[in-house]
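Comments concern the structure below.
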Amino acid sequence: MEDDAPVIYGLEFQARSLTAQTAETDAIRFLVGTQSLKFDNQIHIIDFDDENNIINKNVLLHQAGEIWNIGASPADKEVLTTCYNKTSDSRVVSCAAVWRMPTNWETGSHESPDDSAHNPQTLELLCHLDDSAHGNAACVLWEPMGDGKRVISLADNHVLLWDLQESSTQATISSTAMLEGKGQLKFTSGKWSPHHNCSQLATASDTAIRGWDLRTMNQIYCIDNAHGQLVRDLDFNPNRQYYLASCGDDCKVKFWDVRNIQEPIKTLEEHSHWVWSVRYNHSHDQLVLTASSDSRLILSNMVSISSEPFGHLVDDEDLSDGEDNHQEDKCKEPLKDSVVSTYEEHEDSVYAAEWSSADPWLFASLSYDGRLVINRVPRTLKYQILL
Amino acid sequence: MSSSTETPASEDPGRKRRVHGMLKLYYGLNEEGKADEEPQSLDPCDINGPHFDPEHYLNKLRKECSLAELMDQETCMVKQIRSLDSDMQTLVYENYNKFISATDTIRKMKNDFKKMEDEMDCLSANMAAITDFSARISGTLEDQHAQITKLSGVHTLLRKLQFLFELPARLNKCLELQAYSQAVSSHRRARCVLQQYSHMPSFKGIQDDCHAIMDKLAQELRQKFRDGGSSAKDLSECVELLLQLDEPAEDLCEKYLNHAGSRLELDLQSLEAEIRPSPPGPALKDSSTRRPSPSVTVGSPPDGTAKTSALPSPSSNTDILEFIDRGCNEFVSSLCLVITSYQELFVNHAQTGELASKNIPQMANSKLHAFVDDLAARYFSLVERRIKEEKGVADNSLLVRALDRFFRRLQAVAKLLPGSSVPQQGTEIVIRAATERVKQYLAALQSFYMDSLTDVRQALATPRLSLAAPGAGSHFGGSTSGRDAPSSLPELLSSLSASILNQIKSVLASVHLFTAKDITFSNKPYFKGEFCCQGVRESLVVSFIKFVCQSSRQFCESAGDKGGSTPPALLLLLSRLCLDYETSTISYILTLTDEQFLAQHHNPVTAVTALCAEAREAAQKLLNHYVKVQGLIISQMLRKSVETRDWVNTIEPRNVRAVMKRVVEDTTSIDVQVGLLYEEGVRKAHSSDSSKRTFSVYSSSRQQTRYAASYTPSAPMDTNLLSNIHKLFSERIDIFSSVEFNKVSVMTGIIKISLKTFLECVRLRTFGRYGLQQIQVDCHYLQMYLWRFVSDENLVHFLLDEIVGSSAHRCLDPAPMEQSVIEVICERG
C-alpha cells in the first residue's frame, strides 16, 4: 500500500525539538521547535491527516529564543513547555517557560493557511520556570498522565520539581535535588517514570544514569558508566515498570532492569554514530525507535524484553474457540528481537523521534536540517503484533 | 538320425546316434533333439522305428515318389538287406566259437576240484592227531605249574613285606639325607597297602611310623617352601612333592602367592616412598611455584632437560624416568619372575602330571590373574600418581622415555599372561598421561602467550614516554617519533609472532616424541590416529589458535565500555598478528602439524578456513576497536575544547588553538604507528597541491556563497537547500564503520570519528563573531594537515565544511574571517 510511504515536511529553520501533543488523542499532532539565532523562532504544529496522507501545519511564534527542548502538557492540549536559549549582553542563557497556544490558532490556519505562515500568532507566556540560582535548563518534563500541574526541570546539576498553579500562570518550586560530585556535572536529559504513581525520575548525566525518588528527592540508583560515553536520552518502558532504555555517544542503545544495574539486559549496536533519542511505543513496548546522528532512524522489535514476550496476549472476546487454539500455538514460538526497518529519509543528524499520541503505529522524526518525516510501522509487523 | 533312415544297417548306428547326440548337446539343440525324436519314433514310416508299418511305408513311397526314385529306393533297400544278411552270418559264427571254448573250460575245472577234496580230508585227520597229543602233555604238566605260580606269589609278597618293614627306616634315612623325592615316592608306593591292611596291628604300627615321618617330611618341605630362599628349581621340586603328599593345591598357590606378594609389596613400598617424601602440601606449593616457570624453561627443551637434571624435580626425589626404571626393574621384573615360576609350578607342570585332573591349572591360573591384577592395580596407581606430579612441561623426552619403558616392560607381562588386562590398563595410563600432557602443553602455550602479551604491553608502555617527548619537540615531524622507540611495533610484532611460533614448534616437537618410531606404544592405534588428530591437532594446536583469537576479541569487549584499558598500540599489534595468522600462520602451523603427525583424519577436524575466518574476524574486530579507541581519544580532546570554551565572548583569533595542533600531532603519530604495521592502502588521487586547491575551493567559493545566503533574511531556505543538494550528491558517511586492513582506511576511520564529534559539538554551542573565526582558523589548520591521511580528501573537506557551516549557523554575528588572514595565521602555526 502506498500509504506506507513516508511523509516529509520541511521546516525553514534548523530544529532539534519535537514532541507529540500528548493531550491530543484524536488527531495526530506533533510540535516542532526551531533553532535560529537570527530570526524569530517558531513552533510548528504539524497535523497529519492519516486518511489523505496530508500534512497541515500551523506556525506559532516563539520569540523568546531558539528552542532546545519542547514538552506538551498531558492534560491541556494548549499548554506546552520549552527550554530555550536567550542571548543577552553577549551571554547565552538557557531558560524554561510554560506557554499557552492562542486558542484560535486552528481556525485561523484553516481559513488562510498561507497567511498563517506570514503572520503567525504568538505564544502566550504563562510563566517562567526560572530560578537564576539553578543554572541553565536542559529539559522540562511533564508529569506523565498527570493533571498538568507538575513539571520537573533539569537545570545544570539540579532537579527542580515545580507546582503549576492558577491555570499554570504561577510556578513554585516544591522541591529540589542536586547532583553532587567532582567536576561540572550537568544533566543531559531525563525521564519521568509513569510507574510507581509517578514518583520516580531517571536522569542522564555524563556516562551515568541515575534514578530519583521524587517523594524524598533522593537518589535511588545509579548506573555508572551506563554507556562508554555521554548518555543522550532515556525512556521508560510504558508497561514494565523496572525497564529502562538508554542511548548515547557510544552508538549503543541499552536496555536496563533497574533492579539489577550491573549489566544491561540487552544492547543494540545498529547505529554508526551517536544515538540521540530512544522511544518506546506507548502501547506496544516491543517497538523501540532510535534516532542517531548517522542520519538514520531505526525501528527495532525488542520482543524478548517486552511486556508481551510471546506475542500479543489472546483476547477472549476477539477470538472464537477454534481460532484460540491456533493462536496459542503461534504464541508459543519464541520471537526474535530484530531491526524492523531503517529509515534513511534524513540527510542530516536526526536528533529527535517521537511516537504519535493518537495513533500507536505512527511516528515522527526530526533532523537538524529541519526535515520532519512521518512514518508508520510496517503493515506486516502491525498485523503480526495485533493478531 | 534322418540320415540314418536311409542307411539303417550301417555298421554302428548306436555309436552314430551317440555322436549325433553329443553334437546336438554341443550346439545346445538338446530340447529340439528330443522333440524330434518323439514323433519320429512314433512315425510308422520310420523304417528303424518300433512302430514301422511296411504297408503304410510302401503306400507312402508309392504315393510320393516317382518311378525313378522308387527304383533307386528299391536298389538301395536290396543293398541294405544284403549287407544286413552278411552281418548276421558273421555274428552267428562268432557266437558259436565262444560257446565251444566255454564248454572246454568247465570240463577242466571239474577235474581239479576232485583232487583238492582228497587233500583236505588228509589235513583234517592230521589236525585231530595233534590235538590229542597236546591235551595229553598239558595234563602231565598241570601240577608243577600250579606249584611254581604259588611259589612266585609268595616271593613277591615276601619282598613287599620286607619293603614295608624297612620303610620307616628308609624314610628316616631319606629324611636325613634330604632325599625328599625318594622318600615321597617310597611312601607313595606303600601307602595303599598300608591303608588296606591297617587293621592288622603290625601294619598299623608301620603305617603310623610312616605317617609320623611323612608329616615331619612335609613339615620340612613346607618350611623350606616358606623360607623361599631356595632356588626356583628347589622350590618347584618342593611344591611338586607337596602336591604329591596330597597337600591341597589351593593352599599352596595361596601360600606361594602370598609369599611372592610380600616380596613385591616391599618393592611397591619402596616405590611409594619415592613419591611420599613430598607430602601433598609442599607438592602443591611446588607445582604452583613451578607453574610460571614453564613458560621460561619450555622455550628451549634441551635447556629445560639440562636444568631439570641439574636441579632435580622438586616435587619428588627422583625424576620420573628413574622412578619408572626402578619400578620396572624391581617390581615388574620380579612380578614377571613370580609369574613364570608360578606358571612353571602350578600350571605347566600340573598340566602334564596326574594333577591336571583336579582342575588345578584353571584354579591356579585364576588365582594368578587375581594376584597380578591386584598388584598391578596398585603399581598403576603409584605410577599414575607419579605421572601426575610431572607438571613441568620442560622434560617431555624424559616422560616419554619413562612411559615407553613402562609400557615395554608391561609387554613382558602380557606375553607371560596372555589373558590379563594389565597391558591394556598400562596402555590406558600411557594414553591418559599423553592427553594430560597435551593439556599441560596447551596451558603452557596459553600462559606463554599471555606472558608475551604482558611483555609486549610493557615494551609498549616504556617507549611511549620516550616517544611522547621527542614527538612534542620535533613538532609532529611524524616519521621521526616512531623511530625513537627502542623496540618498534614491527619488531615487537615479529618477535611476538616468532616466539609464539617457536613455542608452538617446540611444543609440537615435544609432543611428537609420543609418536616417535622407537617408542613402543607409538604404534598403538590410539597414538596413530586419535592422538594425532584429536589430541594434538584439535585440542592442542586448534585450541591454541582459537584461544589466541578469543583472547584478542576479549580485548575489544572488556575494554569496550571503559575505553583505553588496553593500550591502542597493543590492539593494533594484535590485529596485525591475527591478520598474519589468517593469511599464513594458521595454515603453516596446521600443515606443520599434519606433516609431523601424519594424521589421517578419520573424524571431521576443524578446517583451516574456519580458523582463518575466525582469525580474520578477530583481526577486524581489533582493528575496528583500535579505530574506535583512537578516534575517541581525539574526539575527547575536541569535545572538551569545544564544550569548555565561551565561544560568544572569545577574542579575535591570533593562533590556531593548541588542541588542534595536538590533534594533528596525535593523528600523525597514529599514522606512523599504523604505518609500521599496515600497508598504505589505496587513496583517491589528489592533485599535486592538494591542500591549497581544495582549501581555496572550500573556503572561498562555497563557504562564501553559503554565508551570503545566510546573511540575507529573505532567503533562509537557501542554506538548507544548498547543504541538502550537497548532501544529495555526496554519499552517506558511516562514522563508526568497519575499516579495511590498510593504513589509509584506518586513518580515515579515526579522522571521520573525530571530525563528526567536532561537528556535533559545534552544533550544540552558540558562537560569537570571533568564535566563528576561531573555528574557521582551526578548520583550515586541520584541512592543511589531515587530507593527506585519508583515502578521500573530499571527506575531510565535506566534514570541515559542515563544521564551519554549522558554526556559522550557530553564530550570533556571522562575519567570517578573510581567507588570507586565516592562511597567514595557519602558516604561522
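Please note that chains go A, B, ... in the order of the C-alpha cells, that every chain numbers its residues from 1, and that ligands are numbered from 1 in the order shown.
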Show me, as a PyMOL selection string, every residue of chain A with an atom at most 6 Å from chain B, counting only C-alpha atoms.
chain A and resi 12+228+272-273
Based on the selection just made, write N, CA and C atoms of those residues as a PDB file, in the first residue's frame.
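Below you can see out04.pdb, which holds the result:
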ATOM      1  N   GLU A  12      11.790  25.702   7.694  1.00  0.00           N
ATOM      2  CA  GLU A  12      12.746  26.650   7.149  1.00  0.00           C
ATOM      3  C   GLU A  12      14.000  26.693   7.999  1.00  0.00           C
ATOM      4  N   GLY A 228      29.581   3.976  27.319  1.00  0.00           N
ATOM      5  CA  GLY A 228      31.010   4.286  27.263  1.00  0.00           C
ATOM      6  C   GLY A 228      31.243   5.782  27.252  1.00  0.00           C
ATOM      7  N   SER A 272      25.643   3.872  13.486  1.00  0.00           N
ATOM      8  CA  SER A 272      27.067   4.084  13.281  1.00  0.00           C
ATOM      9  C   SER A 272      27.500   5.443  13.803  1.00  0.00           C
ATOM     10  N   HIS A 273      26.635   6.128  14.501  1.00  0.00           N
ATOM     11  CA  HIS A 273      27.092   7.301  15.239  1.00  0.00           C
ATOM     12  C   HIS A 273      26.239   7.457  16.494  1.00  0.00           C
TER      13      HIS A 273
END
Backbone DSSP call of alpha helix (DSSP H) for region 20-197 of chain A, listed as a ChimeraX atom specification:
/A:105-111,113-118
Which residues are near Tyr242 (chain A)? Cut-off 9 Å, only C-alpha atoms, ignore same chain within fewer than 2 positions. Put them as a PDB file with C-alpha atoms, in the first residue's frame.
ATOM      1  CA  HIS A 195       5.133   3.866  37.078  1.00  0.00           C
ATOM      2  CA  PHE A 236      10.827   4.118  30.412  1.00  0.00           C
ATOM      3  CA  ASN A 237       9.080   1.033  29.202  1.00  0.00           C
ATOM      4  CA  ARG A 240       7.242  -2.857  32.562  1.00  0.00           C
ATOM      5  CA  LEU A 244      14.520   1.451  31.004  1.00  0.00           C
ATOM      6  CA  TRP A 256      18.214  -1.936  31.711  1.00  0.00           C
ATOM      7  CA  ASP A 257      16.402  -3.586  34.500  1.00  0.00           C
ATOM      8  CA  VAL A 258      16.921  -1.067  37.259  1.00  0.00           C
ATOM      9  CA  ARG A 259      16.707  -3.795  39.865  1.00  0.00           C
TER      10      ARG A 259
END
Would you pick out the contacts of region 148-158 of chain A at 8 Å or less, using only C-alpha atoms, so that residues sharing its chain but fewer than 6 positions from it are not included, and give the list as a PyMOL selection string?
chain A and resi 73-76+96+129+134-142+164-165+168+176-180+185-187+189-190
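Using only C-alpha atoms, the shortest contact distance between Leu80 (chain A) and any of A:Ile46, A:Val32, A:Asp213, A:Gln121 is found at A:Val32.
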Skipping near chain neighbours, those fewer than 3 positions away, what residues fall within 9 Å of Ser307 (chain A) using only C-alpha atoms, listed as a compact mmCIF listing (two decimals) with all heavy atoms, in the first residue's frame?
# COMPACT_ATOMS: atom_id res chain seq x y z
N ASN A 237 10.03 1.93 29.83
CA ASN A 237 9.08 1.03 29.20
C ASN A 237 7.71 1.35 29.78
O ASN A 237 7.54 1.37 30.99
CB ASN A 237 9.48 -0.41 29.53
CG ASN A 237 8.64 -1.42 28.79
OD1 ASN A 237 7.43 -1.29 28.72
ND2 ASN A 237 9.29 -2.42 28.23
N ASN A 239 5.12 -0.33 29.97
CA ASN A 239 4.37 -1.43 30.58
C ASN A 239 5.16 -2.20 31.62
O ASN A 239 4.59 -2.90 32.44
CB ASN A 239 3.90 -2.41 29.50
CG ASN A 239 2.99 -1.73 28.51
OD1 ASN A 239 2.22 -0.84 28.89
ND2 ASN A 239 3.10 -2.10 27.25
N ARG A 240 6.44 -2.12 31.56
CA ARG A 240 7.24 -2.86 32.56
C ARG A 240 7.97 -1.82 33.41
O ARG A 240 8.85 -1.11 32.93
CB ARG A 240 8.24 -3.77 31.87
CG ARG A 240 7.59 -4.74 30.92
CD ARG A 240 8.56 -5.76 30.42
NE ARG A 240 8.83 -6.77 31.44
CZ ARG A 240 9.57 -7.85 31.21
NH1 ARG A 240 10.15 -8.01 30.05
NH2 ARG A 240 9.77 -8.75 32.15
N HIS A 284 2.74 -0.66 22.49
CA HIS A 284 3.40 -1.94 22.20
C HIS A 284 4.88 -1.77 22.48
O HIS A 284 5.64 -1.30 21.64
CB HIS A 284 3.16 -2.34 20.76
CG HIS A 284 1.71 -2.36 20.41
ND1 HIS A 284 0.88 -3.38 20.80
CD2 HIS A 284 0.93 -1.47 19.76
CE1 HIS A 284 -0.35 -3.13 20.40
NE2 HIS A 284 -0.34 -1.97 19.76
N ASP A 285 5.27 -2.13 23.70
CA ASP A 285 6.60 -1.73 24.13
C ASP A 285 7.72 -2.52 23.48
O ASP A 285 8.88 -2.31 23.77
CB ASP A 285 6.71 -1.78 25.66
CG ASP A 285 6.34 -3.13 26.20
OD1 ASP A 285 7.12 -4.05 25.98
OD2 ASP A 285 5.27 -3.25 26.83
N GLN A 286 7.35 -3.46 22.58
CA GLN A 286 8.45 -4.12 21.86
C GLN A 286 9.00 -3.21 20.75
O GLN A 286 10.09 -3.42 20.27
CB GLN A 286 8.02 -5.47 21.28
CG GLN A 286 6.88 -5.42 20.31
CD GLN A 286 5.57 -5.66 20.99
OE1 GLN A 286 5.24 -4.99 21.96
NE2 GLN A 286 4.81 -6.62 20.51
N VAL A 303 11.21 -7.97 21.11
CA VAL A 303 10.16 -8.82 21.66
C VAL A 303 10.60 -9.46 22.97
O VAL A 303 9.83 -9.55 23.92
CB VAL A 303 9.80 -9.92 20.64
CG1 VAL A 303 8.60 -10.68 21.13
CG2 VAL A 303 9.53 -9.30 19.30
N SER A 304 11.87 -9.88 23.01
CA SER A 304 12.28 -10.71 24.14
C SER A 304 12.21 -9.97 25.47
O SER A 304 12.07 -10.59 26.52
CB SER A 304 13.70 -11.22 23.90
OG SER A 304 14.60 -10.15 23.97
N PHE A 310 5.75 -13.27 24.33
CA PHE A 310 5.26 -14.37 23.49
C PHE A 310 4.19 -13.88 22.52
O PHE A 310 3.29 -14.59 22.14
CB PHE A 310 4.71 -15.50 24.35
CG PHE A 310 5.75 -16.05 25.27
CD1 PHE A 310 5.69 -15.82 26.62
CD2 PHE A 310 6.81 -16.78 24.74
CE1 PHE A 310 6.66 -16.31 27.45
CE2 PHE A 310 7.78 -17.27 25.57
CZ PHE A 310 7.72 -17.05 26.92
N GLY A 311 4.33 -12.64 22.16
CA GLY A 311 3.35 -12.11 21.24
C GLY A 311 2.17 -11.53 22.00
O GLY A 311 2.12 -11.51 23.24
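Restricting the calculation to only C-alpha atoms, the smallest distance between Leu252 (chain B) and any of B:Leu266, B:Ala364, B:Cys328, B:Leu91 is found for B:Ala364.
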What does the structure give for the distance between CA of Glu740 (chain B) and CA of Gln620 (chain B), in Å to one decimal?
7.9 Å
Could you please determine the separation between CA of Lys252 (chain A) and CA of Val275 (chain A) in Å, to one decimal place?
6.8 Å
